[in-house]
file model-v8.tsv (TSV, C-alpha atoms)
chain	number	residue	atom	x	y	z
X	1	MET	CA	131.50	133.96	140.12
X	2	ASP	CA	130.45	136.81	137.81
X	3	GLN	CA	132.80	135.31	135.24
X	4	LYS	CA	131.26	131.87	135.72
X	5	LEU	CA	127.73	133.22	135.23
X	6	GLN	CA	128.92	135.20	132.19
X	7	SER	CA	130.41	132.01	130.72
X	8	PHE	CA	127.12	130.22	131.31
X	9	LEU	CA	125.27	132.92	129.35
X	10	ASP	CA	127.93	132.95	126.60
X	11	ALA	CA	127.47	129.22	126.16
X	12	ALA	CA	123.68	129.49	126.20
X	13	PHE	CA	123.66	132.16	123.47
X	14	ALA	CA	126.57	130.73	121.46
X	15	PRO	CA	124.32	129.09	118.82
X	16	TYR	CA	122.87	132.51	117.90
X	17	GLY	CA	126.17	134.25	117.15
X	18	ASN	CA	126.36	138.03	117.44
X	19	PHE	CA	122.78	139.14	117.03
X	20	PRO	CA	122.28	142.93	117.24
X	21	SER	CA	120.99	143.24	120.81
X	22	ARG	CA	123.19	140.47	122.24
X	23	SER	CA	125.24	142.59	124.63
X	24	GLU	CA	122.16	144.35	125.95
X	25	VAL	CA	120.25	141.09	126.42
X	26	THR	CA	123.09	139.27	128.17
X	27	LYS	CA	123.93	142.32	130.30
X	28	GLU	CA	120.44	142.38	131.75
X	29	LEU	CA	120.27	138.60	132.19
X	30	LEU	CA	123.65	138.59	133.90
X	31	ILE	CA	122.39	141.05	136.49
X	32	ASN	CA	119.30	138.89	137.09
X	33	LEU	CA	121.51	135.84	137.60
X	34	GLN	CA	123.88	137.77	139.86
X	35	ASP	CA	120.94	138.98	141.94
X	36	LYS	CA	119.61	135.45	142.22
X	37	TYR	CA	123.01	134.00	143.09
X	38	ALA	CA	123.59	136.64	145.77
X	39	ASP	CA	120.15	135.98	147.23
X	40	LEU	CA	120.75	132.21	147.42
X	41	LYS	CA	124.12	132.84	149.05
X	42	ARG	CA	122.39	135.02	151.65
X	43	GLN	CA	120.07	132.08	152.34
X	44	GLY	CA	123.14	130.05	153.27
X	45	LEU	CA	123.81	128.00	150.14
X	46	THR	CA	127.39	127.10	149.25
X	47	ASP	CA	128.97	128.71	146.16
X	48	ASP	CA	128.47	125.55	144.14
X	49	ASP	CA	124.88	124.94	145.20
X	50	ALA	CA	123.93	128.57	144.62
X	51	TYR	CA	125.52	128.48	141.15
X	52	GLN	CA	123.75	125.22	140.27
X	53	ALA	CA	120.37	126.49	141.46
X	54	THR	CA	120.89	129.75	139.56
X	55	VAL	CA	121.70	128.19	136.20
X	56	GLU	CA	119.18	125.36	136.57
X	57	SER	CA	116.29	127.76	136.95
X	58	PHE	CA	117.39	129.87	133.98
X	59	GLY	CA	115.00	128.16	131.59
X	60	ASP	CA	115.09	127.80	127.81
X	61	VAL	CA	117.07	130.35	125.83
X	62	THR	CA	114.99	129.65	122.69
X	63	GLU	CA	112.07	131.29	124.49
X	64	ILE	CA	114.07	134.53	124.67
X	65	MET	CA	115.23	134.33	121.08
X	66	GLU	CA	111.62	134.12	119.89
X	67	GLN	CA	111.30	137.75	121.04
X	68	VAL	CA	114.70	139.02	119.89
X	69	PRO	CA	115.61	139.67	116.23
X	70	HIS	CA	118.46	137.43	115.07
X	71	ALA	CA	119.76	135.68	111.97
X	72	PRO	CA	118.46	132.14	111.51
X	73	THR	CA	120.67	129.62	113.28
X	74	PRO	CA	122.10	126.68	111.39
X	75	GLN	CA	119.99	123.64	112.21
X	76	PRO	CA	120.97	120.00	112.03
X	77	SER	CA	119.83	118.48	108.76
X	78	LEU	CA	117.18	116.42	110.52
X	79	SER	CA	115.26	119.49	111.64
X	80	HIS	CA	112.79	119.33	108.75
X	81	GLN	CA	111.49	116.12	110.27
X	82	GLU	CA	110.64	117.86	113.51
X	83	SER	CA	106.90	117.68	113.07
X	84	VAL	CA	106.97	113.89	113.40
X	85	THR	CA	106.28	112.17	116.68
X	86	GLU	CA	109.15	112.91	119.04
X	87	SER	CA	108.53	115.07	122.05
X	88	GLY	CA	110.05	118.53	122.49
X	89	GLY	CA	112.44	117.10	125.06
X	90	PHE	CA	113.88	114.70	122.53
X	91	ARG	CA	114.22	117.33	119.81
X	92	GLN	CA	115.95	119.75	122.13
X	93	ALA	CA	118.27	117.09	123.51
X	94	PHE	CA	119.11	115.93	120.00
X	95	LYS	CA	119.87	119.46	118.81
X	96	ASN	CA	122.07	120.09	121.82
X	97	ALA	CA	123.86	116.81	121.27
X	98	MET	CA	124.52	117.60	117.62
X	99	ARG	CA	125.74	121.05	118.54
X	100	GLY	CA	128.06	119.66	121.23
X	101	ALA	CA	129.30	116.87	119.03
X	102	LYS	CA	130.29	119.22	116.23
X	103	LYS	CA	132.43	121.23	118.62
X	104	SER	CA	134.20	118.19	119.95
X	105	THR	CA	137.89	117.91	119.26
X	106	SER	CA	138.60	114.42	120.53
X	107	LYS	CA	140.36	112.05	118.22
X	108	PHE	CA	137.50	109.56	118.33
X	109	ALA	CA	134.71	111.92	117.33
X	110	MET	CA	133.17	111.43	113.88
X	111	THR	CA	135.15	108.30	113.21
X	112	ASP	CA	134.11	105.01	111.76
X	113	LEU	CA	135.07	102.31	114.23
X	114	HIS	CA	132.35	99.83	113.52
X	115	GLY	CA	133.14	96.28	114.44
X	116	THR	CA	136.39	97.31	116.14
X	117	ASP	CA	137.63	95.60	119.30
X	118	LEU	CA	138.17	98.32	121.90
X	119	GLY	CA	137.96	95.89	124.83
X	120	ASP	CA	140.19	96.05	127.92
X	121	SER	CA	141.18	99.64	127.11
X	122	ASP	CA	141.43	102.75	129.21
X	123	LEU	CA	139.12	105.17	127.43
X	124	THR	CA	138.49	107.56	130.31
X	125	ASN	CA	136.97	110.87	129.10
X	126	ALA	CA	137.04	109.68	125.49
X	127	ASP	CA	134.63	111.39	123.13
X	128	PHE	CA	132.98	109.06	120.63
X	129	SER	CA	130.37	111.56	119.48
X	130	MET	CA	128.91	111.17	116.00
X	131	SER	CA	130.90	108.02	115.46
X	132	SER	CA	129.89	104.80	113.88
X	133	LEU	CA	130.44	102.14	116.56
X	134	ASP	CA	127.99	99.43	115.64
X	135	THR	CA	129.00	95.95	116.79
X	136	THR	CA	132.09	97.48	118.46
X	137	SER	CA	133.32	95.74	121.59
X	138	PHE	CA	134.07	97.83	124.68
X	139	ASP	CA	134.14	94.77	126.96
X	140	ARG	CA	135.82	95.43	130.34
X	141	SER	CA	137.05	98.86	129.18
X	142	ASN	CA	137.22	101.89	131.40
X	143	LEU	CA	134.82	104.43	129.86
X	144	THR	CA	134.55	106.73	132.87
X	145	ASN	CA	133.02	110.06	131.77
X	146	ALA	CA	133.11	108.98	128.14
X	147	LEU	CA	130.79	110.78	125.72
X	148	PHE	CA	128.62	109.14	123.11
X	149	ARG	CA	126.54	111.83	121.44
X	150	ALA	CA	124.64	111.10	118.25
X	151	SER	CA	126.59	107.85	117.92
X	152	ASP	CA	125.62	104.66	116.26
X	153	LEU	CA	126.09	101.97	118.91
X	154	ARG	CA	123.81	99.27	117.59
X	155	LYS	CA	124.72	95.80	118.87
X	156	SER	CA	127.82	97.12	120.62
X	157	SER	CA	129.02	95.27	123.67
X	158	PHE	CA	129.87	96.92	126.99
X	159	THR	CA	130.08	93.72	129.01
X	160	GLY	CA	131.86	94.40	132.31
X	161	ALA	CA	132.76	97.93	131.17
X	162	ASN	CA	132.98	100.85	133.59
X	163	LEU	CA	130.67	103.62	132.31
X	164	THR	CA	130.70	105.71	135.48
X	165	GLY	CA	129.56	109.24	134.62
X	166	ALA	CA	129.45	108.44	130.90
X	167	SER	CA	126.80	110.04	128.69
X	168	ILE	CA	124.94	108.29	125.91
X	169	TRP	CA	122.88	111.01	124.25
X	170	ALA	CA	120.79	111.01	121.10
X	171	SER	CA	122.37	107.73	120.11
X	172	ASP	CA	121.09	104.48	118.76
X	173	ALA	CA	122.13	101.92	121.38
X	174	SER	CA	119.58	99.28	120.47
X	175	ASP	CA	120.56	95.69	121.19
X	176	CYS	CA	123.68	96.75	123.13
X	177	ARG	CA	124.94	94.44	125.88
X	178	PHE	CA	125.58	96.13	129.24
X	179	ASP	CA	125.83	92.87	131.21
X	180	GLY	CA	127.89	93.34	134.36
X	181	ALA	CA	128.63	96.94	133.37
X	182	ASN	CA	129.05	99.65	135.98
X	183	LEU	CA	126.42	102.27	135.09
X	184	THR	CA	126.91	104.49	138.12
X	185	ALA	CA	125.74	108.01	137.23
X	186	THR	CA	125.61	107.06	133.56
X	187	LYS	CA	123.22	109.29	131.64
X	188	PHE	CA	121.12	107.84	128.87
X	189	LYS	CA	119.25	110.60	127.10
X	190	ALA	CA	117.09	110.68	124.00
X	191	SER	CA	118.47	107.35	122.88
X	192	SER	CA	117.04	104.16	121.57
X	193	LEU	CA	117.73	101.43	124.12
X	194	ARG	CA	115.51	98.73	122.65
X	195	GLY	CA	116.71	95.22	123.26
X	196	ILE	CA	119.64	96.11	125.53
X	197	THR	CA	120.64	93.58	128.17
X	198	LEU	CA	121.51	94.66	131.71
X	199	THR	CA	122.13	91.37	133.52
X	200	GLY	CA	124.20	92.01	136.65
X	201	ALA	CA	124.71	95.68	135.77
X	202	THR	CA	125.25	98.22	138.56
X	203	LEU	CA	122.48	100.83	138.42
X	204	HIS	CA	123.29	103.57	140.86
X	205	SER	CA	122.18	107.16	140.17
X	206	THR	CA	121.76	106.10	136.56
X	207	GLU	CA	119.55	108.42	134.51
X	208	PHE	CA	117.25	107.34	131.72
X	209	GLY	CA	115.75	110.42	130.04
X	210	ASP	CA	113.58	110.78	126.91
X	211	SER	CA	114.36	107.22	125.97
X	212	ASP	CA	112.47	104.21	124.79
X	213	LEU	CA	112.78	101.49	127.46
X	214	SER	CA	109.85	99.39	126.29
X	215	GLU	CA	110.14	95.68	127.03
X	216	LEU	CA	113.52	96.06	128.76
X	217	SER	CA	114.31	93.68	131.57
X	218	PHE	CA	115.51	95.04	134.91
X	219	ASP	CA	114.72	91.66	136.48
X	220	GLY	CA	116.57	90.88	139.69
X	221	LEU	CA	118.63	94.09	139.51
X	222	THR	CA	119.19	96.56	142.32
X	223	LEU	CA	118.19	100.09	141.25
X	224	ASP	CA	119.48	102.72	143.59
X	225	ALA	CA	118.54	106.39	143.06
X	226	VAL	CA	117.86	105.66	139.40
X	227	LYS	CA	115.90	108.33	137.56
X	228	PHE	CA	113.43	107.58	134.80
X	229	ASP	CA	112.42	110.81	133.11
X	230	ARG	CA	109.99	111.12	130.19
X	231	SER	CA	110.74	107.59	129.08
X	232	ALA	CA	108.53	104.88	127.69
X	233	LEU	CA	108.33	101.89	130.04
X	234	THR	CA	105.66	99.86	128.27
X	235	LYS	CA	106.07	96.19	129.20
X	236	ALA	CA	109.40	96.91	130.91
X	237	SER	CA	110.00	94.28	133.56
X	238	PHE	CA	111.23	94.81	137.13
X	239	LYS	CA	110.50	91.28	138.38
X	240	ASN	CA	112.31	90.51	141.66
X	241	ALA	CA	114.24	93.79	141.35
X	242	THR	CA	115.08	95.96	144.34
X	243	LEU	CA	114.14	99.62	143.88
X	244	HIS	CA	115.41	102.23	146.23
X	245	ASN	CA	114.79	105.94	145.76
X	246	VAL	CA	113.84	105.39	142.14
X	247	THR	CA	111.93	108.23	140.51
X	248	PHE	CA	109.54	108.08	137.59
X	249	HIS	CA	109.00	111.55	136.21
X	250	HIS	CA	106.62	111.93	133.27
X	251	CYS	CA	106.85	108.22	132.59
X	252	ASP	CA	104.00	105.84	132.18
X	253	PRO	CA	104.95	102.69	134.11
X	254	LYS	CA	101.30	101.55	134.03
X	255	ASN	CA	102.09	98.58	131.83
X	256	ALA	CA	105.43	97.73	133.41
X	257	VAL	CA	105.72	94.53	135.45
X	258	PHE	CA	106.77	94.81	139.10
X	259	ALA	CA	105.77	91.36	140.44
X	260	GLY	CA	108.17	90.13	143.11
X	261	ALA	CA	109.98	93.47	143.32
X	262	THR	CA	111.08	95.00	146.61
X	263	MET	CA	110.95	98.78	147.01
X	264	ASP	CA	111.01	101.56	149.55
X	265	LYS	CA	107.91	103.53	150.49
X	266	VAL	CA	108.65	106.59	148.39
X	267	THR	CA	109.19	104.61	145.22
X	268	TYR	CA	106.04	102.61	145.98
X	269	ALA	CA	104.02	105.77	146.50
X	270	LEU	CA	105.26	107.27	143.26
X	271	LEU	CA	104.38	104.16	141.31
X	272	LYS	CA	101.04	103.77	143.01
X	273	ASN	CA	100.10	107.19	141.74
X	274	THR	CA	100.89	106.29	138.19
X	275	LYS	CA	98.42	103.41	138.53
X	276	ALA	CA	101.20	100.90	138.02
X	277	ASN	CA	100.30	97.31	138.78
X	278	LEU	CA	101.99	96.69	142.12
X	279	GLU	CA	100.66	93.23	142.88
X	280	GLY	CA	103.24	91.03	144.54
X	281	VAL	CA	105.47	93.97	145.50
X	282	THR	CA	107.17	94.00	148.90
X	283	VAL	CA	107.52	97.41	150.55
X	284	ILE	CA	110.49	97.81	152.85
J	1	MET	CA	115.25	116.09	141.10
J	2	TRP	CA	112.69	116.74	143.78
J	3	GLU	CA	114.68	119.24	145.77
J	4	GLY	CA	112.59	122.21	146.69
J	5	VAL	CA	109.41	120.47	145.62
J	6	PHE	CA	108.50	119.25	149.09
J	7	ASP	CA	108.98	122.57	150.82
J	8	ALA	CA	106.93	124.29	148.16
J	9	TYR	CA	103.76	122.84	149.64
J	10	PRO	CA	102.78	123.48	153.23
J	11	PRO	CA	101.40	120.33	154.90
J	12	LYS	CA	97.94	121.84	155.17
J	13	TYR	CA	97.32	120.90	151.52
J	14	LEU	CA	98.14	117.28	152.18
J	15	ASP	CA	95.84	114.42	152.87
J	16	SER	CA	96.29	113.77	156.57
J	17	ASN	CA	95.11	110.16	156.23
J	18	SER	CA	97.95	109.14	153.97
J	19	ASN	CA	101.69	109.27	154.21
J	20	MET	CA	101.83	109.30	150.41
J	21	ALA	CA	100.10	112.59	149.98
J	22	TYR	CA	103.11	114.36	148.46
J	23	THR	CA	103.15	112.35	145.28
J	24	PRO	CA	100.08	113.57	143.40
J	25	ILE	CA	101.39	117.10	143.76
J	26	MET	CA	104.76	116.13	142.36
J	27	ILE	CA	103.19	114.50	139.33
J	28	ASP	CA	100.99	117.53	138.65
J	29	LYS	CA	103.69	120.12	139.04
J	30	LYS	CA	104.68	120.23	135.37
J	31	ILE	CA	101.09	120.65	134.21
J	32	THR	CA	100.40	123.35	136.79
J	33	SER	CA	103.49	125.22	135.75
J	34	ASP	CA	102.50	125.03	132.05
J	35	LEU	CA	99.11	126.47	132.95
J	36	LEU	CA	100.71	129.28	134.92
J	37	ARG	CA	103.26	130.06	132.23
J	38	GLY	CA	100.44	131.03	129.88
J	39	HIS	CA	99.66	133.90	132.24
J	40	THR	CA	103.20	135.24	132.66
J	41	ASP	CA	102.45	138.51	130.85
J	42	THR	CA	99.46	139.22	133.07
J	43	ILE	CA	101.35	138.24	136.23
J	44	ILE	CA	104.11	140.71	135.36
J	45	LEU	CA	101.62	143.47	134.51
J	46	ALA	CA	99.90	142.85	137.86
J	47	LEU	CA	103.18	143.18	139.74
J	48	LEU	CA	103.94	146.49	137.99
J	49	LEU	CA	100.57	148.01	138.99
J	50	ASP	CA	101.98	149.34	142.24
J	51	GLY	CA	105.31	150.60	140.97
J	52	ASP	CA	108.38	150.03	138.75
J	53	LYS	CA	110.36	146.85	139.34
J	54	TYR	CA	113.51	145.10	138.13
J	55	GLY	CA	113.97	141.50	136.97
J	56	TYR	CA	114.94	139.61	140.08
J	57	GLU	CA	112.52	141.65	142.17
J	58	ILE	CA	109.72	140.21	140.03
J	59	THR	CA	111.11	136.64	140.23
J	60	LYS	CA	111.22	136.98	143.98
J	61	LEU	CA	107.72	138.46	144.29
J	62	VAL	CA	106.21	135.70	142.14
J	63	HIS	CA	107.86	133.11	144.37
J	64	GLU	CA	106.71	134.75	147.58
J	65	LYS	CA	103.19	135.73	146.53
J	66	SER	CA	102.55	132.20	145.21
J	67	GLY	CA	103.36	130.79	148.65
J	68	LYS	CA	106.65	129.53	147.22
J	69	ALA	CA	104.75	127.24	144.89
J	70	TYR	CA	105.76	128.84	141.58
J	71	GLN	CA	109.16	129.85	140.24
J	72	LEU	CA	109.21	132.06	137.18
J	73	ASN	CA	112.40	131.25	135.30
J	74	GLU	CA	114.61	133.99	133.83
J	75	ALA	CA	114.09	132.99	130.20
J	76	THR	CA	110.29	133.01	130.48
J	77	MET	CA	110.32	136.32	132.33
J	78	TYR	CA	112.72	137.97	129.91
J	79	SER	CA	110.79	136.90	126.83
J	80	SER	CA	107.67	138.27	128.47
J	81	PHE	CA	109.42	141.63	129.14
J	82	LYS	CA	110.46	141.83	125.49
J	83	ARG	CA	107.02	140.94	124.19
J	84	LEU	CA	105.29	143.45	126.45
J	85	GLU	CA	107.82	146.16	125.65
J	86	ASN	CA	107.58	145.60	121.87
J	87	ASP	CA	103.80	145.92	122.19
J	88	GLY	CA	104.13	149.15	124.18
J	89	ARG	CA	102.59	147.61	127.30
J	90	ILE	CA	105.62	148.38	129.46
J	91	SER	CA	108.64	150.66	129.16
J	92	SER	CA	112.12	150.19	130.61
J	93	TYR	CA	115.02	152.26	131.90
J	94	TRP	CA	118.37	151.57	133.54
J	95	GLY	CA	118.48	152.32	137.25
J	96	ASP	CA	121.15	154.43	138.90
J	97	GLU	CA	122.41	151.96	141.53
J	98	THR	CA	125.54	153.41	143.02
J	99	GLN	CA	127.04	150.10	143.98
J	100	GLY	CA	126.98	146.85	142.04
J	101	GLY	CA	125.61	146.46	138.52
J	102	ARG	CA	122.90	148.75	137.25
J	103	ARG	CA	119.52	147.09	136.97
J	104	LYS	CA	116.90	147.51	134.30
J	105	TYR	CA	113.55	148.65	135.63
J	106	TYR	CA	110.17	148.13	134.03
J	107	ARG	CA	107.23	150.49	134.17
J	108	LEU	CA	103.60	149.90	133.27
J	109	THR	CA	102.24	152.09	130.42
J	110	GLU	CA	98.58	153.05	130.00
J	111	PRO	CA	98.03	150.40	127.27
J	112	GLY	CA	99.68	147.94	129.68
J	113	ARG	CA	97.27	148.84	132.43
J	114	ALA	CA	94.37	148.40	130.02
J	115	LEU	CA	95.72	144.99	128.95
J	116	TYR	CA	96.00	143.92	132.58
J	117	HIS	CA	92.38	144.80	133.27
J	118	SER	CA	91.15	143.09	130.15
J	119	ASN	CA	93.20	139.93	130.85
J	120	LYS	CA	92.05	139.91	134.44
J	121	HIS	CA	88.45	140.22	133.30
J	122	ASN	CA	88.89	137.36	130.81
J	123	TRP	CA	90.48	135.20	133.47
J	124	ASP	CA	87.67	135.83	135.93
J	125	GLU	CA	85.18	134.78	133.27
J	126	ALA	CA	87.14	131.65	132.32
J	127	LYS	CA	87.62	130.76	135.97
J	128	HIS	CA	83.91	131.09	136.60
J	129	ILE	CA	83.09	128.82	133.68
J	130	LEU	CA	85.73	126.24	134.61
J	131	ASP	CA	84.56	126.23	138.22
J	132	GLN	CA	81.12	125.21	136.95
J	133	LEU	CA	82.50	122.57	134.63
J	134	LEU	CA	85.27	120.89	136.62

call {"tool": "encode", "arguments": {"input": "model-v8.tsv", "output": "structure tokens"}}
result
Amino acid sequence: MDQKLQSFLDAAFAPYGNFPSRSEVTKELLINLQDKYADLKRQGLTDDDAYQATVESFGDVTEIMEQVPHAPTPQPSLSHQESVTESGGFRQAFKNAMRGAKKSTSKFAMTDLHGTDLGDSDLTNADFSMSSLDTTSFDRSNLTNALFRASDLRKSSFTGANLTGASIWASDASDCRFDGANLTATKFKASSLRGITLTGATLHSTEFGDSDLSELSFDGLTLDAVKFDRSALTKASFKNATLHNVTFHHCDPKNAVFAGATMDKVTYALLKNTKANLEGVTVI
Amino acid sequence: MWEGVFDAYPPKYLDSNSNMAYTPIMIDKKITSDLLRGHTDTIILALLLDGDKYGYEITKLVHEKSGKAYQLNEATMYSSFKRLENDGRISSYWGDETQGGRRKYYRLTEPGRALYHSNKHNWDEAKHILDQLL
């Protein structure tokens, strides 16, 4: 476990290279993490849960680096535009995505596949980061755990595709078709999802973070344990949808439409607090 | 996502007339934690008033003394240590634990004690004003 925590710290500090006090900083942080892990174990958590809780509460490494002398880190070329409108969450997610994408070794990363037919293919674990995939067809393909980071996916088609556990981060997925797609545990983060279609899609433990979901239609869909996190939901529509265990964290569903939707009490309570219009909603 | 959030708040804070009383607290949690984060330096200085402490000891004390409502994350705490140390408000030394890894301990300096009292005074004033206004 010490090795695992050490690896976590190595990865967290990797973007800063070998700054002068690195070994001293990470040595102290490692002990803090070890102490925390041991304490959680004593409270009866499993190895995995204790590890997860330990690294999840670590916080933001940039906060540390503000206090520690180090050489400037190479930034993605878009960084000079940072002062524009995006939230910190988006910027951070985008930077991380760029960083991850550059390290990727998969044969699909940084390739131009626009307009290609990749339908009916087994693309499990494929990495399409930083690739140009506009108007590409992934219809009925198996994209389990696939990675799309900083990819151009405009007008791509994922009809009937299996995107279980796939990640679409910092990508432009506007006008994509996800009709009948399996989006179980798919993570959409910091991406443009304007104009996507989701007819008949499976939405189970799907995560929508830092994304623009304005005017999207979730009409008639079943949303199970779906998470909406810091996403715009202006005029999004959930007419006749079934919502179970859906969370809205730092979203503003006030102008979303829920008429005819069915939802459990917890989801209802959450929405009620955001002053969402819940007329015509059935609570189960 | 909400794990640990529910148990952070004893039921006595909840509205007994509603079964939905948890939710406003969940929504406010981020804002509350941003407000608290601004006082990390002072919180750490306060915890060092009664003796030297190491990193996780402070994390743990913050959690306990806040009634389990606030978790100080490692990155925020560490950057606070560095800032306070660079400003001469605290000093540090490695402990001599015989078993397991050696821990780094932090000690309040005289300027640190002075900063604590001045921050505490400022907070009391601000609190008084806000209590009148909100």

call {"tool": "closest_atom_pairs", "arguments": {"input": "model-v8.tsv", "of": "chain J", "to": "chain X", "cutoff": "7 Å", "atoms": "all atoms listed in the file", "output": "JSON lines"}}
result
{"residue": "J:Met20", "atom": "CA", "partner": "X:Ala269", "partner_atom": "CA", "distance": 5.7}
{"residue": "J:Thr23", "atom": "CA", "partner": "X:Leu270", "partner_atom": "CA", "distance": 5.9}
{"residue": "J:Pro24", "atom": "CA", "partner": "X:Asn273", "partner_atom": "CA", "distance": 6.6}
{"residue": "J:Gly55", "atom": "CA", "partner": "X:Asn32", "partner_atom": "CA", "distance": 5.9}
{"residue": "J:Tyr56", "atom": "CA", "partner": "X:Asn32", "partner_atom": "CA", "distance": 5.3}
{"residue": "J:Asn73", "atom": "CA", "partner": "X:Phe58", "partner_atom": "CA", "distance": 5.3}
{"residue": "J:Glu74", "atom": "CA", "partner": "X:Phe58", "partner_atom": "CA", "distance": 5.0}
{"residue": "J:Ala75", "atom": "CA", "partner": "X:Gly59", "partner_atom": "CA", "distance": 5.1}
{"residue": "J:Thr76", "atom": "CA", "partner": "X:Glu63", "partner_atom": "CA", "distance": 6.5}
{"residue": "J:Tyr78", "atom": "CA", "partner": "X:Ile64", "partner_atom": "CA", "distance": 6.4}
{"residue": "J:Ser79", "atom": "CA", "partner": "X:Ile64", "partner_atom": "CA", "distance": 4.6}
{"residue": "J:Lys82", "atom": "CA", "partner": "X:Gln67", "partner_atom": "CA", "distance": 6.1}
{"residue": "J:Arg83", "atom": "CA", "partner": "X:Gln67", "partner_atom": "CA", "distance": 6.2}
{"residue": "J:Gly101", "atom": "CA", "partner": "X:Ile31", "partner_atom": "CA", "distance": 6.6}
{"residue": "J:Arg103", "atom": "CA", "partner": "X:Ile31", "partner_atom": "CA", "distance": 6.7}
{"residue": "J:Lys104", "atom": "CA", "partner": "X:Glu28", "partner_atom": "CA", "distance": 6.7}

call {"tool": "residues_around", "arguments": {"input": "model-v8.tsv", "residues": "segment 139-142 of chain X", "least_positions_apart": "5", "cutoff": "12 Å", "atoms": "all atoms listed in the file", "output": "PyMOL selection string"}}
result
chain X and resi 116-126+156-166+176-183

call {"tool": "residues_around", "arguments": {"input": "model-v8.tsv", "residues": "Glu215 of chain X", "least_positions_apart": "2", "cutoff": "9 Å", "atoms": "only C-alpha atoms", "output": "list in words"}}
result
Arg194, Gly195, Leu213, Ser217, Leu233, Thr234, Lys235, Ala236, Ser237 and Ala256 of chain X

call {"tool": "residues_around", "arguments": {"input": "model-v8.tsv", "residues": "Thr26 of chain X", "least_positions_apart": "3", "cutoff": "9 Å", "atoms": "only C-alpha atoms", "output": "PyMOL selection string"}}
result
chain X and resi 6+9-10+13+21-23+29-31

call {"tool": "atom_distance", "arguments": {"input": "model-v8.tsv", "atom1": "atom CA of Leu115 of chain J", "atom2": "atom CA of Leu36 of chain J"}}
result
17.5 Å

call {"tool": "residues_around", "arguments": {"input": "model-v8.tsv", "residues": "segment 40-42 of chain J", "least_positions_apart": "3", "cutoff": "7 Å", "atoms": "all atoms listed in the file", "output": "PyMOL selection string"}}
result
chain J and resi 36-37+45-46+80+116+119

call {"tool": "decode", "arguments": {"input": "model-v8.tsv", "residues": "segment 59-72 of chain J", "atoms": "C-alpha atoms", "output": "CSV table (one decimal), in the first residue's frame"}}
result
chain,number,residue,atom,x,y,z
J,59,THR,CA,-6.4,16.8,10.0
J,60,LYS,CA,-8.0,14.5,12.7
J,61,LEU,CA,-8.4,17.3,15.2
J,62,VAL,CA,-10.1,19.6,12.7
J,63,HIS,CA,-12.5,16.8,11.8
J,64,GLU,CA,-13.3,16.0,15.4
J,65,LYS,CA,-13.5,19.6,16.8
J,66,SER,CA,-15.8,20.6,13.9
J,67,GLY,CA,-18.2,17.8,15.0
J,68,LYS,CA,-17.1,15.9,11.9
J,69,ALA,CA,-18.5,18.6,9.7
J,70,TYR,CA,-15.3,19.8,8.1
J,71,GLN,CA,-12.4,17.9,6.5
J,72,LEU,CA,-9.2,19.7,5.9
